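Structure below is start.csv: CSV, N, CA and C atoms.
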chain,number,residue,atom,x,y,z
A,1,MET,N,30.1,-12.7,-1.8
A,1,MET,CA,30.8,-12.7,-3.1
A,1,MET,C,31.1,-11.3,-3.5
A,2,SER,N,32.3,-11.0,-3.8
A,2,SER,CA,32.6,-9.7,-4.2
A,2,SER,C,32.2,-9.4,-5.6
A,3,GLN,N,32.2,-8.1,-6.0
A,3,GLN,CA,31.7,-7.7,-7.3
A,3,GLN,C,32.5,-8.4,-8.4
A,4,THR,N,33.8,-8.5,-8.2
A,4,THR,CA,34.7,-9.2,-9.2
A,4,THR,C,34.3,-10.6,-9.3
A,5,ASP,N,34.1,-11.3,-8.2
A,5,ASP,CA,33.8,-12.7,-8.2
A,5,ASP,C,32.5,-13.0,-9.0
A,6,TRP,N,31.4,-12.4,-8.6
A,6,TRP,CA,30.2,-12.7,-9.3
A,6,TRP,C,30.2,-12.3,-10.8
A,7,SER,N,30.9,-11.3,-11.1
A,7,SER,CA,31.0,-10.9,-12.5
A,7,SER,C,31.7,-11.9,-13.4
A,8,GLN,N,32.5,-12.7,-12.8
A,8,GLN,CA,33.2,-13.8,-13.5
A,8,GLN,C,32.5,-15.1,-13.5
A,9,ASP,N,31.3,-15.1,-13.0
A,9,ASP,CA,30.5,-16.4,-12.9
A,9,ASP,C,30.2,-16.8,-14.3
A,10,PRO,N,30.5,-18.1,-14.6
A,10,PRO,CA,30.2,-18.6,-16.0
A,10,PRO,C,28.8,-18.5,-16.4
A,11,ARG,N,27.8,-18.5,-15.5
A,11,ARG,CA,26.4,-18.3,-15.9
A,11,ARG,C,26.1,-17.0,-16.6
A,12,LEU,N,27.0,-16.1,-16.4
A,12,LEU,CA,26.8,-14.7,-17.0
A,12,LEU,C,27.7,-14.6,-18.3
A,13,SER,N,28.4,-15.6,-18.7
A,13,SER,CA,29.3,-15.5,-19.8
A,13,SER,C,28.7,-15.0,-21.1
A,14,GLY,N,27.4,-15.3,-21.3
A,14,GLY,CA,26.7,-15.0,-22.6
A,14,GLY,C,26.0,-13.6,-22.5
A,15,PHE,N,26.1,-12.9,-21.4
A,15,PHE,CA,25.4,-11.6,-21.3
A,15,PHE,C,26.1,-10.5,-22.2
A,16,PRO,N,25.3,-9.7,-22.8
A,16,PRO,CA,25.9,-8.6,-23.6
A,16,PRO,C,26.7,-7.7,-22.6
A,17,PRO,N,27.8,-7.1,-23.1
A,17,PRO,CA,28.6,-6.2,-22.3
A,17,PRO,C,27.9,-5.1,-21.6
A,18,GLU,N,26.9,-4.5,-22.3
A,18,GLU,CA,26.2,-3.3,-21.7
A,18,GLU,C,25.3,-3.8,-20.5
A,19,LYS,N,24.8,-5.0,-20.6
A,19,LYS,CA,24.1,-5.5,-19.4
A,19,LYS,C,25.0,-5.9,-18.2
A,20,LEU,N,26.1,-6.4,-18.5
A,20,LEU,CA,27.1,-6.7,-17.5
A,20,LEU,C,27.6,-5.4,-16.8
A,21,ALA,N,27.8,-4.4,-17.6
A,21,ALA,CA,28.3,-3.1,-17.1
A,21,ALA,C,27.2,-2.5,-16.2
A,22,PHE,N,25.9,-2.6,-16.6
A,22,PHE,CA,24.8,-2.2,-15.8
A,22,PHE,C,24.8,-2.9,-14.5
A,23,LEU,N,24.9,-4.2,-14.5
A,23,LEU,CA,24.9,-5.1,-13.3
A,23,LEU,C,26.0,-4.7,-12.4
A,24,LYS,N,27.2,-4.5,-12.9
A,24,LYS,CA,28.4,-4.1,-12.1
A,24,LYS,C,28.1,-2.8,-11.4
A,25,GLU,N,27.5,-1.9,-12.1
A,25,GLU,CA,27.2,-0.6,-11.5
A,25,GLU,C,26.2,-0.7,-10.3
A,26,LEU,N,25.2,-1.5,-10.6
A,26,LEU,CA,24.2,-1.7,-9.5
A,26,LEU,C,24.7,-2.5,-8.4
A,27,ALA,N,25.6,-3.5,-8.7
A,27,ALA,CA,26.1,-4.3,-7.6
A,27,ALA,C,27.0,-3.4,-6.7
A,28,GLY,N,27.7,-2.5,-7.3
A,28,GLY,CA,28.5,-1.5,-6.5
A,28,GLY,C,27.6,-0.7,-5.6
A,29,ASN,N,26.5,-0.3,-6.1
A,29,ASN,CA,25.5,0.5,-5.3
A,29,ASN,C,24.9,-0.4,-4.2
A,30,ILE,N,24.6,-1.6,-4.5
A,30,ILE,CA,24.0,-2.5,-3.6
A,30,ILE,C,25.0,-2.8,-2.5
A,31,SER,N,26.2,-3.0,-2.8
A,31,SER,CA,27.2,-3.3,-1.8
A,31,SER,C,27.4,-2.2,-0.8
A,32,ARG,N,27.0,-1.0,-1.1
A,32,ARG,CA,27.1,0.1,-0.1
A,32,ARG,C,25.9,0.2,0.7
A,33,GLN,N,24.8,-0.6,0.4
A,33,GLN,CA,23.6,-0.5,1.2
A,33,GLN,C,23.7,-1.3,2.5
A,34,PRO,N,23.0,-0.8,3.5
A,34,PRO,CA,22.9,-1.6,4.8
A,34,PRO,C,22.4,-3.0,4.4
A,35,LYS,N,22.8,-4.0,5.1
A,35,LYS,CA,22.4,-5.4,4.8
A,35,LYS,C,20.9,-5.5,4.8
A,36,SER,N,20.2,-4.8,5.7
A,36,SER,CA,18.8,-4.9,5.8
A,36,SER,C,18.0,-4.3,4.6
A,37,GLN,N,18.7,-3.6,3.7
A,37,GLN,CA,18.1,-3.0,2.6
A,37,GLN,C,18.5,-3.6,1.2
A,38,VAL,N,19.3,-4.7,1.3
A,38,VAL,CA,19.8,-5.3,0.1
A,38,VAL,C,18.7,-5.8,-0.8
A,39,VAL,N,17.7,-6.5,-0.2
A,39,VAL,CA,16.6,-7.1,-0.9
A,39,VAL,C,15.8,-6.0,-1.6
A,40,ALA,N,15.6,-4.9,-0.9
A,40,ALA,CA,14.8,-3.8,-1.5
A,40,ALA,C,15.6,-3.2,-2.7
A,41,ALA,N,17.0,-3.2,-2.5
A,41,ALA,CA,17.8,-2.6,-3.6
A,41,ALA,C,17.7,-3.5,-4.8
A,42,PHE,N,17.6,-4.8,-4.7
A,42,PHE,CA,17.4,-5.7,-5.8
A,42,PHE,C,16.1,-5.3,-6.5
A,43,ALA,N,15.1,-5.0,-5.8
A,43,ALA,CA,13.8,-4.6,-6.4
A,43,ALA,C,13.9,-3.4,-7.3
A,44,SER,N,14.9,-2.6,-7.1
A,44,SER,CA,15.0,-1.4,-7.9
A,44,SER,C,15.7,-1.7,-9.2
A,45,ILE,N,16.3,-2.8,-9.3
A,45,ILE,CA,17.1,-3.2,-10.6
A,45,ILE,C,16.2,-3.1,-11.8
A,46,GLN,N,15.0,-3.6,-11.7
A,46,GLN,CA,14.2,-3.6,-12.9
A,46,GLN,C,13.8,-2.2,-13.3
A,47,MET,N,13.4,-1.4,-12.3
A,47,MET,CA,13.1,0.0,-12.6
A,47,MET,C,14.2,0.8,-13.2
A,48,GLU,N,15.4,0.6,-12.7
A,48,GLU,CA,16.6,1.3,-13.2
A,48,GLU,C,16.9,0.8,-14.6
A,49,ALA,N,16.8,-0.5,-14.8
A,49,ALA,CA,17.1,-1.0,-16.1
A,49,ALA,C,16.1,-0.5,-17.2
A,50,SER,N,14.9,-0.4,-16.8
A,50,SER,CA,13.8,0.1,-17.7
A,50,SER,C,14.1,1.6,-18.0
A,51,ARG,N,14.5,2.3,-17.0
A,51,ARG,CA,14.8,3.8,-17.2
A,51,ARG,C,16.0,3.9,-18.2
A,52,LYS,N,16.9,3.0,-18.2
A,52,LYS,CA,18.1,3.1,-19.1
A,52,LYS,C,17.9,2.3,-20.4
A,53,GLY,N,16.7,1.8,-20.6
A,53,GLY,CA,16.4,1.1,-21.8
A,53,GLY,C,16.9,-0.3,-21.9
A,54,ILE,N,17.3,-0.9,-20.8
A,54,ILE,CA,17.8,-2.2,-20.8
A,54,ILE,C,16.7,-3.2,-20.3
A,55,GLN,N,16.5,-4.3,-21.1
A,55,GLN,CA,15.6,-5.3,-20.7
A,55,GLN,C,16.2,-6.6,-20.5
A,56,PHE,N,15.8,-7.3,-19.5
A,56,PHE,CA,16.3,-8.7,-19.2
A,56,PHE,C,15.2,-9.7,-19.5
A,57,SER,N,15.6,-10.8,-20.2
A,57,SER,CA,14.6,-11.8,-20.4
A,57,SER,C,14.4,-12.6,-19.1
A,58,ASN,N,13.4,-13.4,-19.0
A,58,ASN,CA,13.1,-14.2,-17.8
A,58,ASN,C,14.3,-15.1,-17.5
A,59,GLN,N,15.0,-15.7,-18.5
A,59,GLN,CA,16.1,-16.5,-18.2
A,59,GLN,C,17.3,-15.7,-17.7
A,60,GLU,N,17.5,-14.5,-18.2
A,60,GLU,CA,18.6,-13.6,-17.7
A,60,GLU,C,18.3,-13.2,-16.3
A,61,THR,N,17.1,-12.9,-16.0
A,61,THR,CA,16.7,-12.5,-14.7
A,61,THR,C,17.0,-13.6,-13.7
A,62,GLU,N,16.6,-14.8,-14.1
A,62,GLU,CA,16.8,-16.0,-13.2
A,62,GLU,C,18.3,-16.2,-13.0
A,63,GLN,N,19.1,-16.0,-14.0
A,63,GLN,CA,20.6,-16.2,-13.8
A,63,GLN,C,21.2,-15.1,-12.9
A,64,ILE,N,20.7,-13.9,-13.1
A,64,ILE,CA,21.2,-12.8,-12.3
A,64,ILE,C,20.9,-13.0,-10.8
A,65,VAL,N,19.6,-13.4,-10.6
A,65,VAL,CA,19.2,-13.6,-9.2
A,65,VAL,C,20.0,-14.8,-8.6
A,66,SER,N,20.2,-15.8,-9.3
A,66,SER,CA,20.9,-17.0,-8.9
A,66,SER,C,22.3,-16.6,-8.5
A,67,VAL,N,23.0,-15.8,-9.3
A,67,VAL,CA,24.4,-15.4,-9.1
A,67,VAL,C,24.5,-14.5,-7.9
A,68,LEU,N,23.7,-13.4,-8.0
A,68,LEU,CA,23.8,-12.4,-6.9
A,68,LEU,C,23.3,-12.8,-5.6
A,69,SER,N,22.4,-13.8,-5.5
A,69,SER,CA,21.8,-14.2,-4.2
A,69,SER,C,22.6,-15.3,-3.6
A,70,SER,N,23.6,-15.8,-4.3
A,70,SER,CA,24.3,-17.0,-3.8
A,70,SER,C,24.9,-16.8,-2.4
A,71,SER,N,25.2,-15.6,-2.1
A,71,SER,CA,25.8,-15.3,-0.7
A,71,SER,C,24.8,-14.8,0.3
A,72,MET,N,23.5,-14.8,-0.1
A,72,MET,CA,22.5,-14.2,0.8
A,72,MET,C,22.1,-15.2,1.9
A,73,SER,N,21.6,-14.7,3.0
A,73,SER,CA,21.1,-15.6,4.0
A,73,SER,C,19.8,-16.3,3.5
A,74,PRO,N,19.4,-17.4,4.2
A,74,PRO,CA,18.2,-18.0,3.7
A,74,PRO,C,17.0,-17.1,3.8
A,75,GLU,N,16.9,-16.3,4.9
A,75,GLU,CA,15.8,-15.3,5.0
A,75,GLU,C,15.8,-14.3,3.8
A,76,ASP,N,16.9,-13.8,3.5
A,76,ASP,CA,17.0,-12.9,2.4
A,76,ASP,C,16.6,-13.5,1.0
A,77,LYS,N,17.0,-14.8,0.9
A,77,LYS,CA,16.7,-15.5,-0.3
A,77,LYS,C,15.2,-15.7,-0.4
A,78,ARG,N,14.5,-16.0,0.7
A,78,ARG,CA,13.0,-16.1,0.7
A,78,ARG,C,12.4,-14.8,0.3
A,79,LYS,N,12.9,-13.7,0.8
A,79,LYS,CA,12.4,-12.4,0.4
A,79,LYS,C,12.6,-12.1,-1.1
A,80,MET,N,13.7,-12.5,-1.6
A,80,MET,CA,14.0,-12.4,-3.0
A,80,MET,C,13.0,-13.2,-3.8
A,81,GLU,N,12.7,-14.4,-3.4
A,81,GLU,CA,11.7,-15.2,-4.1
A,81,GLU,C,10.4,-14.5,-4.1
A,82,MET,N,10.0,-13.9,-3.0
A,82,MET,CA,8.7,-13.2,-2.9
A,82,MET,C,8.7,-12.0,-3.9
A,83,LEU,N,9.8,-11.3,-4.0
A,83,LEU,CA,9.9,-10.2,-4.9
A,83,LEU,C,9.8,-10.7,-6.4
A,84,LYS,N,10.4,-11.8,-6.7
A,84,LYS,CA,10.3,-12.4,-8.0
A,84,LYS,C,8.9,-12.8,-8.3
A,85,MET,N,8.2,-13.3,-7.4
A,85,MET,CA,6.8,-13.7,-7.6
A,85,MET,C,6.0,-12.5,-7.9
A,86,ILE,N,6.2,-11.4,-7.1
A,86,ILE,CA,5.4,-10.2,-7.3
A,86,ILE,C,5.8,-9.6,-8.7
A,87,ALA,N,7.0,-9.6,-9.0
A,87,ALA,CA,7.5,-9.0,-10.3
A,87,ALA,C,6.9,-9.8,-11.5
A,88,ASN,N,6.8,-11.1,-11.4
A,88,ASN,CA,6.2,-12.0,-12.4
A,88,ASN,C,4.8,-11.7,-12.6
A,89,LYS,N,4.1,-11.5,-11.5
A,89,LYS,CA,2.6,-11.2,-11.6
A,89,LYS,C,2.4,-9.8,-12.2
A,90,MET,N,3.2,-8.9,-11.9
A,90,MET,CA,3.1,-7.5,-12.5
A,90,MET,C,3.4,-7.6,-14.0
A,91,ALA,N,4.4,-8.4,-14.4
A,91,ALA,CA,4.8,-8.5,-15.8
A,91,ALA,C,3.6,-9.2,-16.5
A,92,ALA,N,3.0,-10.2,-15.9
A,92,ALA,CA,1.9,-10.9,-16.6
A,92,ALA,C,0.7,-9.9,-16.8
A,93,ARG,N,0.5,-9.0,-15.9
A,93,ARG,CA,-0.6,-8.0,-16.1
A,93,ARG,C,-0.4,-7.1,-17.3
A,94,LYS,N,0.9,-6.8,-17.5
A,94,LYS,CA,1.2,-5.9,-18.6
A,94,LYS,C,1.1,-6.6,-20.0
A,95,SER,N,1.2,-7.9,-20.0
A,95,SER,CA,1.1,-8.6,-21.2
A,95,SER,C,-0.3,-8.7,-21.8
Rewrite the coordinates I just gave you, this time as structure tokens.
Amino acid sequence: MSQTDWSQDPRLSGFPPEKLAFLKELAGNISRQPKSQVVAAFASIQMEASRKGIQFSNQETEQIVSVLSSSMSPEDKRKMEMLKMIANKMAARKS
């Protein structure tokens, strides 16, 4: 899915413009990554968002992952699910 295609996904229609702009910027960066590093690049999204003062709710994160991972291989989707589990456990510890 190209950057333009995913950004028009109706699941993202309620996102604030600054969050969509952030996601478009990161998607552009991720699209230049070697395919083997795409999942790792997704892991950096939360850190980069935090650095820029942008926070995503759990629902927003689920929507983002769903949209951006729709064109991933099954293996990469499994890796993404593993990253989500780790991120959720880390977030729970901070609470």
Practice problem: Find the spatial neighbours of segment 79-89 of chain A, counting only C-alpha atoms, within a cut-off of 12 Å - ignore same-chain residues fewer than 6 positions away - and output them as a PyMOL selection string. | Solution: chain A and resi 36-47+57-58+61-62+64-66+68-70+72-73+95
Please produce an output containing N, CA and C atoms for each residue in the selection, written as a PDB file, keeping the file's coordinate frame.
ATOM      1  N   SER A  36      20.200  -4.800   5.700  1.00  0.00           N
ATOM      2  CA  SER A  36      18.800  -4.900   5.800  1.00  0.00           C
ATOM      3  C   SER A  36      18.000  -4.300   4.600  1.00  0.00           C
ATOM      4  N   GLN A  37      18.700  -3.600   3.700  1.00  0.00           N
ATOM      5  CA  GLN A  37      18.100  -3.000   2.600  1.00  0.00           C
ATOM      6  C   GLN A  37      18.500  -3.600   1.200  1.00  0.00           C
ATOM      7  N   VAL A  38      19.300  -4.700   1.300  1.00  0.00           N
ATOM      8  CA  VAL A  38      19.800  -5.300   0.100  1.00  0.00           C
ATOM      9  C   VAL A  38      18.700  -5.800  -0.800  1.00  0.00           C
ATOM     10  N   VAL A  39      17.700  -6.500  -0.200  1.00  0.00           N
ATOM     11  CA  VAL A  39      16.600  -7.100  -0.900  1.00  0.00           C
ATOM     12  C   VAL A  39      15.800  -6.000  -1.600  1.00  0.00           C
ATOM     13  N   ALA A  40      15.600  -4.900  -0.900  1.00  0.00           N
ATOM     14  CA  ALA A  40      14.800  -3.800  -1.500  1.00  0.00           C
ATOM     15  C   ALA A  40      15.600  -3.200  -2.700  1.00  0.00           C
ATOM     16  N   ALA A  41      17.000  -3.200  -2.500  1.00  0.00           N
ATOM     17  CA  ALA A  41      17.800  -2.600  -3.600  1.00  0.00           C
ATOM     18  C   ALA A  41      17.700  -3.500  -4.800  1.00  0.00           C
ATOM     19  N   PHE A  42      17.600  -4.800  -4.700  1.00  0.00           N
ATOM     20  CA  PHE A  42      17.400  -5.700  -5.800  1.00  0.00           C
ATOM     21  C   PHE A  42      16.100  -5.300  -6.500  1.00  0.00           C
ATOM     22  N   ALA A  43      15.100  -5.000  -5.800  1.00  0.00           N
ATOM     23  CA  ALA A  43      13.800  -4.600  -6.400  1.00  0.00           C
ATOM     24  C   ALA A  43      13.900  -3.400  -7.300  1.00  0.00           C
ATOM     25  N   SER A  44      14.900  -2.600  -7.100  1.00  0.00           N
ATOM     26  CA  SER A  44      15.000  -1.400  -7.900  1.00  0.00           C
ATOM     27  C   SER A  44      15.700  -1.700  -9.200  1.00  0.00           C
ATOM     28  N   ILE A  45      16.300  -2.800  -9.300  1.00  0.00           N
ATOM     29  CA  ILE A  45      17.100  -3.200 -10.600  1.00  0.00           C
ATOM     30  C   ILE A  45      16.200  -3.100 -11.800  1.00  0.00           C
ATOM     31  N   GLN A  46      15.000  -3.600 -11.700  1.00  0.00           N
ATOM     32  CA  GLN A  46      14.200  -3.600 -12.900  1.00  0.00           C
ATOM     33  C   GLN A  46      13.800  -2.200 -13.300  1.00  0.00           C
ATOM     34  N   MET A  47      13.400  -1.400 -12.300  1.00  0.00           N
ATOM     35  CA  MET A  47      13.100   0.000 -12.600  1.00  0.00           C
ATOM     36  C   MET A  47      14.200   0.800 -13.200  1.00  0.00           C
ATOM     37  N   SER A  57      15.600 -10.800 -20.200  1.00  0.00           N
ATOM     38  CA  SER A  57      14.600 -11.800 -20.400  1.00  0.00           C
ATOM     39  C   SER A  57      14.400 -12.600 -19.100  1.00  0.00           C
ATOM     40  N   ASN A  58      13.400 -13.400 -19.000  1.00  0.00           N
ATOM     41  CA  ASN A  58      13.100 -14.200 -17.800  1.00  0.00           C
ATOM     42  C   ASN A  58      14.300 -15.100 -17.500  1.00  0.00           C
ATOM     43  N   THR A  61      17.100 -12.900 -16.000  1.00  0.00           N
ATOM     44  CA  THR A  61      16.700 -12.500 -14.700  1.00  0.00           C
ATOM     45  C   THR A  61      17.000 -13.600 -13.700  1.00  0.00           C
ATOM     46  N   GLU A  62      16.600 -14.800 -14.100  1.00  0.00           N
ATOM     47  CA  GLU A  62      16.800 -16.000 -13.200  1.00  0.00           C
ATOM     48  C   GLU A  62      18.300 -16.200 -13.000  1.00  0.00           C
ATOM     49  N   ILE A  64      20.700 -13.900 -13.100  1.00  0.00           N
ATOM     50  CA  ILE A  64      21.200 -12.800 -12.300  1.00  0.00           C
ATOM     51  C   ILE A  64      20.900 -13.000 -10.800  1.00  0.00           C
ATOM     52  N   VAL A  65      19.600 -13.400 -10.600  1.00  0.00           N
ATOM     53  CA  VAL A  65      19.200 -13.600  -9.200  1.00  0.00           C
ATOM     54  C   VAL A  65      20.000 -14.800  -8.600  1.00  0.00           C
ATOM     55  N   SER A  66      20.200 -15.800  -9.300  1.00  0.00           N
ATOM     56  CA  SER A  66      20.900 -17.000  -8.900  1.00  0.00           C
ATOM     57  C   SER A  66      22.300 -16.600  -8.500  1.00  0.00           C
ATOM     58  N   LEU A  68      23.700 -13.400  -8.000  1.00  0.00           N
ATOM     59  CA  LEU A  68      23.800 -12.400  -6.900  1.00  0.00           C
ATOM     60  C   LEU A  68      23.300 -12.800  -5.600  1.00  0.00           C
ATOM     61  N   SER A  69      22.400 -13.800  -5.500  1.00  0.00           N
ATOM     62  CA  SER A  69      21.800 -14.200  -4.200  1.00  0.00           C
ATOM     63  C   SER A  69      22.600 -15.300  -3.600  1.00  0.00           C
ATOM     64  N   SER A  70      23.600 -15.800  -4.300  1.00  0.00           N
ATOM     65  CA  SER A  70      24.300 -17.000  -3.800  1.00  0.00           C
ATOM     66  C   SER A  70      24.900 -16.800  -2.400  1.00  0.00           C
ATOM     67  N   MET A  72      23.500 -14.800  -0.100  1.00  0.00           N
ATOM     68  CA  MET A  72      22.500 -14.200   0.800  1.00  0.00           C
ATOM     69  C   MET A  72      22.100 -15.200   1.900  1.00  0.00           C
ATOM     70  N   SER A  73      21.600 -14.700   3.000  1.00  0.00           N
ATOM     71  CA  SER A  73      21.100 -15.600   4.000  1.00  0.00           C
ATOM     72  C   SER A  73      19.800 -16.300   3.500  1.00  0.00           C
ATOM     73  N   SER A  95       1.200  -7.900 -20.000  1.00  0.00           N
ATOM     74  CA  SER A  95       1.100  -8.600 -21.200  1.00  0.00           C
ATOM     75  C   SER A  95      -0.300  -8.700 -21.800  1.00  0.00           C
TER      76      SER A  95
END
Exercise. Rounded to one decimal place, report the atom C of Arg11 of chain A-atom N of Lys77 of chain A distance in Å.
Key: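 For atom C of Arg11 of chain A relative to atom N of Lys77 of chain A, the distance reads 19.8 Å.
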Practice problem: Using atom N of Trp6 of chain A and atom CA of Val67 of chain A as the two end points, give the distance in Å to one decimal. | Solution: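 One can read the atom N of Trp6 of chain A to atom CA of Val67 of chain A distance as 7.6 Å.
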Quiz item: Which value, in Å to one decimal, gives the distance between atom CA of Gln8 of chain A and atom CA of Pro74 of chain A?
Solution: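 A separation of 23.2 Å between them.
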Exercise. Select, from A:Lys19, A:Arg78, A:Lys24, A:Arg32, the residue with the minimum atom-to-atom distance to Gln55 of chain A, counting only C-alpha atoms.
Key: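 Going through A:Lys19, A:Arg78, A:Lys24, A:Arg32 one by one, the smallest distance to Gln55 of chain A is for A:Lys19.
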Quiz item: What are the DSSP alpha helix (DSSP H) residues of segment 11-92 of chain A, as a PyMOL selection string?
Solution: chain A and resi 17-31+38-51+58-68+74-92
